[in-house]
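Structure data follow from data-v5.txt (compact mmCIF, C-alpha atoms):
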```txt
# COMPACT_ATOMS: atom_id res chain seq x y z
CA MET D 1 -30.04 78.71 10.92
CA ARG D 2 -26.65 79.55 9.48
CA ARG D 3 -24.86 76.70 7.64
CA GLU D 4 -21.43 75.81 8.99
CA ARG D 5 -18.64 76.20 6.45
CA GLY D 6 -17.46 72.89 5.05
CA LEU D 7 -20.57 70.96 6.09
CA PRO D 8 -23.13 69.59 3.66
CA PRO D 9 -26.79 70.42 4.06
CA GLY D 10 -27.38 67.40 6.26
CA GLY D 11 -24.75 68.51 8.69
CA LEU D 12 -22.62 65.33 8.40
CA PRO D 13 -18.90 65.61 7.72
CA VAL D 14 -17.53 64.38 4.41
CA HIS D 15 -14.63 61.89 4.64
CA ASP D 16 -12.10 61.62 1.86
CA GLY D 17 -11.06 58.06 2.84
CA ALA D 18 -12.79 54.96 4.24
CA VAL D 19 -14.97 55.33 7.27
CA GLY D 20 -13.08 54.16 10.39
CA LEU D 21 -14.36 51.47 12.74
CA THR D 22 -15.50 52.31 16.20
CA ALA D 23 -13.96 50.53 19.16
CA VAL D 24 -16.99 48.25 19.50
CA GLU D 25 -16.96 47.35 15.81
CA ALA D 26 -13.23 46.64 15.90
CA ALA D 27 -13.66 44.41 18.93
CA LEU D 28 -16.49 42.47 17.30
CA THR D 29 -14.52 42.09 14.07
CA GLY D 30 -11.46 40.84 15.92
CA THR D 31 -13.56 38.36 17.88
CA ALA D 32 -15.17 37.06 14.69
CA LEU D 33 -11.83 36.68 12.91
CA GLY D 34 -10.33 34.95 15.94
CA SER D 35 -13.23 32.53 16.12
CA LEU D 36 -12.94 31.81 12.40
CA ALA D 37 -9.21 31.16 12.70
CA THR D 38 -9.78 28.86 15.69
CA PHE D 39 -12.49 26.96 13.83
CA SER D 40 -10.32 26.62 10.72
CA SER D 41 -7.36 25.36 12.73
CA ALA D 42 -9.51 22.85 14.58
CA TRP D 43 -11.04 21.65 11.30
CA TYR D 44 -7.68 21.16 9.62
CA ILE D 45 -6.26 19.38 12.68
CA GLN D 46 -9.29 17.09 12.89
CA ARG D 47 -9.08 16.34 9.18
CA ALA D 48 -5.37 15.54 9.38
CA THR D 49 -5.94 13.36 12.45
CA SER D 50 -8.76 11.46 10.76
CA ARG D 51 -6.60 10.91 7.68
CA ARG D 52 -3.73 9.56 9.78
CA GLU D 53 -6.07 7.26 11.70
CA HIS D 54 -7.57 5.98 8.44
CA GLU D 55 -4.14 5.36 6.94
CA SER D 56 -3.09 3.59 10.13
CA ARG D 57 -6.12 1.28 10.02
CA VAL D 58 -5.56 0.51 6.34
CA TRP D 59 -1.90 -0.25 6.96
CA GLU D 60 -2.74 -2.57 9.86
CA ARG D 61 -5.09 -4.53 7.62
CA ARG D 62 -2.57 -4.53 4.79
CA ARG D 63 0.12 -5.79 7.13
CA GLY D 64 -2.17 -8.64 8.15
CA VAL D 65 -2.68 -9.58 4.50
CA TYR D 66 1.07 -9.38 3.89
CA ASP D 67 1.74 -11.66 6.86
CA GLU D 68 -0.81 -14.10 5.49
CA ALA D 69 0.83 -13.94 2.05
CA VAL D 70 4.24 -14.86 3.47
CA ILE D 71 2.76 -17.81 5.37
CA VAL D 72 0.84 -19.07 2.33
CA MET D 73 3.93 -18.79 0.10
CA HIS D 74 5.95 -20.90 2.54
CA ARG D 75 3.19 -23.48 2.87
CA ILE D 76 2.89 -23.81 -0.89
CA GLY D 77 6.65 -24.14 -1.22
CA HIS D 78 6.83 -26.79 1.49
CA LEU D 79 3.99 -28.78 -0.07
CA ARG D 80 5.51 -28.56 -3.53
CA ASP D 81 8.91 -29.69 -2.27
CA GLU D 82 7.35 -32.73 -0.59
CA VAL D 83 5.49 -33.66 -3.77
CA GLU D 84 8.64 -33.23 -5.84
CA GLU D 85 10.69 -35.33 -3.43
CA SER D 86 8.23 -38.18 -2.89
CA GLY D 87 6.03 -38.04 -5.98
CA ARG D 88 2.85 -37.88 -3.90
CA PHE D 89 0.87 -35.50 -1.77
CA PRO D 90 1.35 -35.87 2.00
CA GLU D 91 -1.51 -37.05 4.16
CA ARG D 92 -3.49 -34.20 5.71
CA GLU D 93 -4.97 -34.43 9.16
CA PRO D 94 -8.30 -32.74 9.95
CA GLY D 95 -7.65 -29.10 10.71
CA ASP D 96 -4.34 -28.96 8.84
CA PRO D 97 -3.87 -25.88 6.64
CA ASP D 98 -4.71 -26.33 2.98
CA PRO D 99 -2.31 -24.29 0.81
CA LEU D 100 -4.26 -25.15 -2.33
CA GLY D 101 -7.44 -23.72 -0.82
CA ASP D 102 -5.79 -20.71 0.85
CA MET D 103 -4.59 -19.12 -2.37
CA PRO D 104 -7.96 -17.90 -3.77
CA ALA D 105 -8.80 -16.15 -0.49
CA LEU D 106 -5.37 -14.51 -0.43
CA VAL D 107 -5.80 -13.20 -3.97
CA ALA D 108 -9.19 -11.73 -3.01
CA ARG D 109 -7.70 -9.89 -0.02
CA MET D 110 -4.74 -8.71 -2.05
CA ASP D 111 -7.19 -7.23 -4.55
CA ILE D 112 -8.35 -4.87 -1.77
CA TYR D 113 -5.22 -4.11 0.24
CA GLY D 114 -2.29 -4.92 -2.06
CA THR D 115 -0.70 -2.97 -4.86
CA ASP D 116 -1.54 -3.79 -8.47
CA GLU D 117 1.90 -5.32 -8.86
CA LEU D 118 1.43 -7.56 -5.83
CA LEU D 119 -2.03 -8.60 -6.98
CA GLU D 120 -0.68 -9.60 -10.38
CA ALA D 121 2.20 -11.51 -8.76
CA CYS D 122 -0.20 -13.41 -6.48
CA GLU D 123 -2.40 -14.28 -9.44
CA ARG D 124 0.66 -15.74 -11.16
CA VAL D 125 1.40 -17.82 -8.06
CA SER D 126 -2.16 -19.14 -8.16
CA GLU D 127 -1.83 -20.00 -11.85
CA ALA D 128 1.54 -21.68 -11.26
CA LEU D 129 0.07 -23.64 -8.36
CA ASP D 130 -2.71 -24.95 -10.58
CA GLY D 131 -0.11 -25.67 -13.25
CA TRP D 132 2.15 -27.97 -11.24
CA ASN D 133 -0.83 -29.59 -9.51
CA THR D 134 -2.37 -30.43 -12.89
CA ALA D 135 0.97 -31.62 -14.26
CA TRP D 136 1.45 -33.86 -11.24
CA GLY D 137 -2.03 -35.33 -11.75
CA ALA D 138 -1.28 -36.06 -15.40
CA TRP D 139 1.98 -37.76 -14.41
CA ARG D 140 0.41 -39.73 -11.56
CA THR D 141 -2.55 -41.07 -13.56
CA GLN D 142 -0.80 -41.90 -16.83
CA ARG D 143 -1.77 -45.28 -18.24
CA GLU D 144 0.86 -45.81 -20.92
CA THR D 145 3.52 -46.68 -18.35
CA ASN D 146 4.18 -46.55 -14.64
CA PRO D 147 4.88 -43.04 -13.29
CA ARG D 148 8.60 -42.48 -12.93
CA ARG D 149 10.38 -39.59 -11.29
CA SER D 150 12.93 -39.54 -14.03
CA ALA D 151 14.10 -37.33 -16.88
CA SER D 152 13.03 -40.12 -19.21
CA ASP D 153 9.39 -39.55 -18.25
CA PRO D 154 8.15 -36.51 -20.22
CA ARG D 155 5.24 -35.96 -17.86
CA TRP D 156 7.56 -35.79 -14.88
CA VAL D 157 9.74 -33.35 -16.80
CA ARG D 158 6.64 -31.27 -17.45
CA PHE D 159 5.88 -31.32 -13.73
CA LEU D 160 9.41 -30.12 -12.92
CA ASP D 161 9.06 -27.27 -15.41
CA CYS D 162 5.87 -26.17 -13.66
CA VAL D 163 7.64 -26.43 -10.31
CA ARG D 164 10.34 -24.06 -11.54
CA VAL D 165 7.73 -21.54 -12.71
CA SER D 166 6.00 -21.80 -9.33
CA ARG D 167 9.21 -21.10 -7.41
CA GLU D 168 9.93 -18.05 -9.52
CA ALA D 169 6.40 -16.71 -9.00
CA GLU D 170 6.61 -17.14 -5.22
CA SER D 171 10.03 -15.47 -5.11
CA ARG D 172 8.54 -12.54 -6.99
CA VAL D 173 5.79 -12.13 -4.38
CA ILE D 174 8.25 -12.31 -1.47
CA GLY D 175 10.48 -9.71 -3.13
CA LEU D 176 7.59 -7.31 -3.66
CA LEU D 177 6.44 -7.74 -0.06
CA ARG D 178 9.90 -6.92 1.24
CA ALA D 179 10.18 -3.89 -1.03
CA ASP D 180 6.81 -2.55 0.12
CA VAL D 181 7.40 -3.12 3.83
CA HIS D 182 11.09 -2.25 4.13
CA VAL D 183 11.38 1.10 2.37
CA GLU D 184 15.05 1.95 2.05
CA PRO D 185 15.99 5.46 3.25
CA PRO D 186 17.97 7.62 0.83
CA PRO D 187 21.75 7.13 1.08
CA GLY D 188 23.82 9.55 3.10
CA TRP D 189 25.58 11.02 0.07
CA TRP D 190 22.22 11.94 -1.45
CA LYS D 191 21.24 13.90 1.68
CA VAL D 192 24.56 15.79 1.57
CA ARG D 193 24.06 16.54 -2.12
CA GLU D 194 20.55 17.88 -1.50
CA ARG D 195 21.77 20.06 1.37
CA HIS D 196 24.53 21.58 -0.77
CA ALA D 197 22.05 22.26 -3.58
CA TRP D 198 19.73 24.00 -1.11
CA ARG D 199 22.58 26.18 0.17
CA ARG D 200 23.65 27.13 -3.36
CA ARG D 201 20.12 28.15 -4.30
CA ARG D 202 20.07 30.54 -1.36
CA GLY D 203 23.54 31.91 -1.88
CA ILE D 204 24.86 30.42 1.36
CA GLY D 205 28.52 29.54 1.59
CA ASN D 206 29.85 25.98 1.25
```
Translate the structure described by the file into structure tokens.
Amino acid sequence: MRRERGLPPGGLPVHDGAVGLTAVEAALTGTALGSLATFSSAWYIQRATSRREHESRVWERRRGVYDEAVIVMHRIGHLRDEVEESGRFPEREPGDPDPLGDMPALVARMDIYGTDELLEACERVSEALDGWNTAWGAWRTQRETNPRRSASDPRWVRFLDCVRVSREAESRVIGLLRADVHVEPPPGWWKVRERHAWRRRRGIGN
């Protein structure tokens, strides 16, 4: 049988470029790519949704700890003010909150949900609380003389110094809580400045 000109011995045409896809192959490839794109989009959306839900749950728990911190700070301050004013601890009824006992639990929760700065500040509040409580006990139980709420009594002066440290520590915690919860938006002039910088980078008019 005579060989056709331009055909190899096997009779198949030689292509200079890539072999083209048939209609069926193109359809199958398009379907596969579409399915892959759909799967990828669904995966990314699900991942983003899960991340947002996780962050929302963490923030809800953190907000609960922050609320507890504010309440404990106020209870400690109220108790300390009463002791400073009267020289004695007030009587507690069964079921009344115990600020002295609430602080360790708060520090433990802050270790999980709070920032490092807040945790350190709460630990200082706990140390200051122990400090003025111990100083009050030393003043109350002194045997050399009767306890006096006076500048002439060095143990009372020591108690007042510890009270001052305690107030400063509690104020630090409250300030950090406010800063973490109430994030200030950037000022208006900064937004205008950023917009002008963006326009200049792209060669847009003023």
key: Nearest residue to Leu118 of chain D from the set D:Ser171, D:Ser166, D:Asn133, D:Gln142 (distances using all atoms listed in the file)   = D:Ser171
task = Rounded to one decimal place, report the atom CA of Asn146 of chain D-atom CA of Trp132 of chain D distance in Å.
result =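 Spanning atom CA of Asn146 of chain D to atom CA of Trp132 of chain D is a straight-line distance of 19.0 Å.
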inquiry  = Excluding Phe159 of chain D and its own-chain neighbours fewer than 2 positions away, which residues fall within 6 Å of it when counting only C-alpha atoms? Please give them as a list in words.
reply    =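 These residues fall inside the cut-off: Trp132, Ala135, Trp136, Trp156, Val157, Asp161 and Cys162 of chain D.
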query = Of the candidates D:Thr115, D:Glu93, D:Arg52, D:Met103, which shows the shortest atom-to-atom distance to Val181 of chain D, using all atoms listed in the file?
reply = D:Thr115
ask   = Between D:Ala179, D:Cys122, D:Ala27, D:Met73, which is the closest to Val107 of chain D once you count all atoms listed in the file?
value = D:Cys122
inquiry  = Can you tell me which residues surround Val163 of chain D at a distance of at most 12 Å, considering all atoms listed in the file, apart from same-chain residues fewer than 3 positions away, and format the answer as JSON, numbers by chain?
reply    = {"D": [76, 77, 78, 79, 80, 81, 82, 83, 84, 85, 125, 127, 128, 129, 130, 131, 132, 133, 134, 135, 136, 156, 157, 158, 159, 160, 166, 167, 168, 169, 170]}
File dump, residues just selected, C-alpha atoms, as a compact mmCIF listing (two decimals), keeping the file's coordinate frame:
```txt
# COMPACT_ATOMS: atom_id res chain seq x y z
CA ILE D 76 2.89 -23.81 -0.89
CA GLY D 77 6.65 -24.14 -1.22
CA HIS D 78 6.83 -26.79 1.49
CA LEU D 79 3.99 -28.78 -0.07
CA ARG D 80 5.51 -28.56 -3.53
CA ASP D 81 8.91 -29.69 -2.27
CA GLU D 82 7.35 -32.73 -0.59
CA VAL D 83 5.49 -33.66 -3.77
CA GLU D 84 8.64 -33.23 -5.84
CA GLU D 85 10.69 -35.33 -3.43
CA VAL D 125 1.40 -17.82 -8.06
CA GLU D 127 -1.83 -20.00 -11.85
CA ALA D 128 1.54 -21.68 -11.26
CA LEU D 129 0.07 -23.64 -8.36
CA ASP D 130 -2.71 -24.95 -10.58
CA GLY D 131 -0.11 -25.67 -13.25
CA TRP D 132 2.15 -27.97 -11.24
CA ASN D 133 -0.83 -29.59 -9.51
CA THR D 134 -2.37 -30.43 -12.89
CA ALA D 135 0.97 -31.62 -14.26
CA TRP D 136 1.45 -33.86 -11.24
CA TRP D 156 7.56 -35.79 -14.88
CA VAL D 157 9.74 -33.35 -16.80
CA ARG D 158 6.64 -31.27 -17.45
CA PHE D 159 5.88 -31.32 -13.73
CA LEU D 160 9.41 -30.12 -12.92
CA SER D 166 6.00 -21.80 -9.33
CA ARG D 167 9.21 -21.10 -7.41
CA GLU D 168 9.93 -18.05 -9.52
CA ALA D 169 6.40 -16.71 -9.00
CA GLU D 170 6.61 -17.14 -5.22
```
ask   = Looking at D:Thr22, D:Asp111, D:Ser35, D:Pro97, which one is nearest to Arg62 of chain D, with distances taken over all atoms listed in the file?
value =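 For Arg62 of chain D, the nearest of the candidates is D:Asp111.
The space between atom CA of Arg75 of chain D and atom CA of Arg178 of chain D spans 17.9 Å.
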request  = Give the answer as one residue: which of D:Glu120, D:Ser41, D:Gly95, D:Ile174 has the shortest atom-to-atom distance to Val72 of chain D, using only C-alpha atoms?
outcome  =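 Once distances to Val72 of chain D are computed over only C-alpha atoms, the minimum belongs to D:Ile174.
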For segment 153-171 of chain D, supply N, CA and C atoms and report the output as a short mmCIF file (atom, residue, chain, number, x, y, z; two decimals), in the frame of the given file.
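The resulting file, out34.cif, is reproduced below:
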```cif
data_model
loop_
_atom_site.label_atom_id
_atom_site.label_comp_id
_atom_site.auth_asym_id
_atom_site.auth_seq_id
_atom_site.Cartn_x
_atom_site.Cartn_y
_atom_site.Cartn_z
N ASP D 153 10.85 -39.63 -18.25
CA ASP D 153 9.39 -39.55 -18.25
C ASP D 153 9.00 -38.12 -18.60
N PRO D 154 8.46 -37.89 -19.80
CA PRO D 154 8.15 -36.51 -20.22
C PRO D 154 7.13 -35.83 -19.33
N ARG D 155 6.24 -36.60 -18.73
CA ARG D 155 5.24 -35.96 -17.86
C ARG D 155 5.86 -35.52 -16.54
N TRP D 156 6.84 -36.24 -16.07
CA TRP D 156 7.56 -35.79 -14.88
C TRP D 156 8.39 -34.55 -15.20
N VAL D 157 8.98 -34.52 -16.37
CA VAL D 157 9.74 -33.35 -16.80
C VAL D 157 8.81 -32.13 -16.88
N ARG D 158 7.62 -32.35 -17.39
CA ARG D 158 6.64 -31.27 -17.45
C ARG D 158 6.29 -30.78 -16.05
N PHE D 159 6.15 -31.69 -15.12
CA PHE D 159 5.88 -31.32 -13.73
C PHE D 159 7.02 -30.48 -13.16
N LEU D 160 8.26 -30.88 -13.43
CA LEU D 160 9.41 -30.12 -12.92
C LEU D 160 9.47 -28.72 -13.53
N ASP D 161 9.10 -28.60 -14.79
CA ASP D 161 9.06 -27.27 -15.41
C ASP D 161 8.04 -26.37 -14.70
N CYS D 162 6.89 -26.94 -14.37
CA CYS D 162 5.87 -26.17 -13.66
C CYS D 162 6.33 -25.81 -12.25
N VAL D 163 7.09 -26.71 -11.63
CA VAL D 163 7.64 -26.43 -10.31
C VAL D 163 8.59 -25.23 -10.37
N ARG D 164 9.41 -25.18 -11.39
CA ARG D 164 10.34 -24.06 -11.54
C ARG D 164 9.58 -22.74 -11.71
N VAL D 165 8.54 -22.75 -12.52
CA VAL D 165 7.73 -21.54 -12.71
C VAL D 165 7.08 -21.13 -11.38
N SER D 166 6.64 -22.10 -10.61
CA SER D 166 6.00 -21.80 -9.33
C SER D 166 6.99 -21.16 -8.36
N ARG D 167 8.20 -21.68 -8.30
CA ARG D 167 9.21 -21.10 -7.41
C ARG D 167 9.51 -19.65 -7.79
N GLU D 168 9.64 -19.41 -9.07
CA GLU D 168 9.93 -18.05 -9.52
C GLU D 168 8.78 -17.10 -9.17
N ALA D 169 7.55 -17.56 -9.32
CA ALA D 169 6.40 -16.71 -9.00
C ALA D 169 6.35 -16.40 -7.51
N GLU D 170 6.63 -17.38 -6.67
CA GLU D 170 6.61 -17.14 -5.22
C GLU D 170 7.75 -16.20 -4.81
N SER D 171 8.91 -16.36 -5.41
CA SER D 171 10.03 -15.47 -5.11
C SER D 171 9.69 -14.03 -5.48
#
```
